[in-house]
Amino acid sequence: MAYTEITTIEAALAKKGLTMPMIEEMHKALPEEYRTEKVVSFALDLVEDVLNSDDPIDWSNTDKPKWRLWYWIEDASDEDGSPAVGLSLGGCGYDGAVAGVGPRRAFASEPIARHAWQYFKKYYELEFSRGKLK
């Protein structure tokens, strides 16, 4: 399955032989205050793994670029007018280093990184807010 076919968490789960009921069980097993944050983090780790499965990241090869998403915080408001936080893609940056400051998730190419943002933005927003967004 090509990365372009992975557009939902369910598709990513299916590629790894997992199902939503498994995630729901994991969700229930966690303390309530950590549920959303930890499940979202797992979902994004899964997305990274699945989207990179045809060209896995080689962290020992500092000559091969690793593409990372960089995003901006944007003000937004909910439908009822209450304040909310949103993210907008600032760009896709790459580097070959295995250490540095910035997000740890990386993708094998810029198109894969942009695909991740396009289809999984809400998960990045939830992770950024530590599961506190509506």
# chains A, B, ... in the order shown; residues from 1 in each chain; ligands from 1
>>> residues_around(residues="stretch 50-56 of chain A", least_positions_apart="4", cutoff="12 Å", atoms="only C-alpha atoms", output="PyMOL selection string")
chain A and resi 1-18+43-46+60-61+64-67+105-117+119-120
>>> closest_residue(among="A:Glu25, A:Ser41, A:Asp63, A:Pro31", to="A:Leu126", atoms="only C-alpha atoms")
A:Ser41
>>> residues_around(residues="A:Ala29", least_positions_apart="6", cutoff="12 Å", atoms="only C-alpha atoms", output="NGL selection string")
:A and (22-23 or 35-36 or 38-39)
>>> write_last_selection(atoms="N, CA and C atoms", output="PDB file, in the first residue's frame")
ATOM      1  N   MET A  22      -8.830  -2.119  19.327  1.00  0.00           N
ATOM      2  CA  MET A  22      -7.588  -2.235  20.099  1.00  0.00           C
ATOM      3  C   MET A  22      -7.192  -0.874  20.678  1.00  0.00           C
ATOM      4  N   ILE A  23      -7.354   0.166  19.889  1.00  0.00           N
ATOM      5  CA  ILE A  23      -7.021   1.520  20.339  1.00  0.00           C
ATOM      6  C   ILE A  23      -8.007   1.966  21.413  1.00  0.00           C
ATOM      7  N   ARG A  35      -5.505  10.120  28.614  1.00  0.00           N
ATOM      8  CA  ARG A  35      -6.040   9.301  27.530  1.00  0.00           C
ATOM      9  C   ARG A  35      -5.830   9.911  26.150  1.00  0.00           C
ATOM     10  N   THR A  36      -6.364  11.078  25.938  1.00  0.00           N
ATOM     11  CA  THR A  36      -6.287  11.673  24.601  1.00  0.00           C
ATOM     12  C   THR A  36      -4.844  11.903  24.199  1.00  0.00           C
ATOM     13  N   LYS A  38      -1.993  10.491  25.091  1.00  0.00           N
ATOM     14  CA  LYS A  38      -1.201   9.289  24.812  1.00  0.00           C
ATOM     15  C   LYS A  38      -1.704   8.552  23.558  1.00  0.00           C
ATOM     16  N   VAL A  39      -3.003   8.514  23.361  1.00  0.00           N
ATOM     17  CA  VAL A  39      -3.542   7.851  22.177  1.00  0.00           C
ATOM     18  C   VAL A  39      -3.173   8.640  20.924  1.00  0.00           C
TER      19      VAL A  39
END
>>> atom_distance(atom1="atom CA of A:Pro21", atom2="atom CA of A:Gln118")
25.0 Å
>>> atom_distance(atom1="atom CA of A:Tyr123", atom2="atom CA of A:Thr62")
28.1 Å
>>> atom_distance(atom1="atom CA of A:Glu37", atom2="atom CA of A:Glu127")
6.1 Å
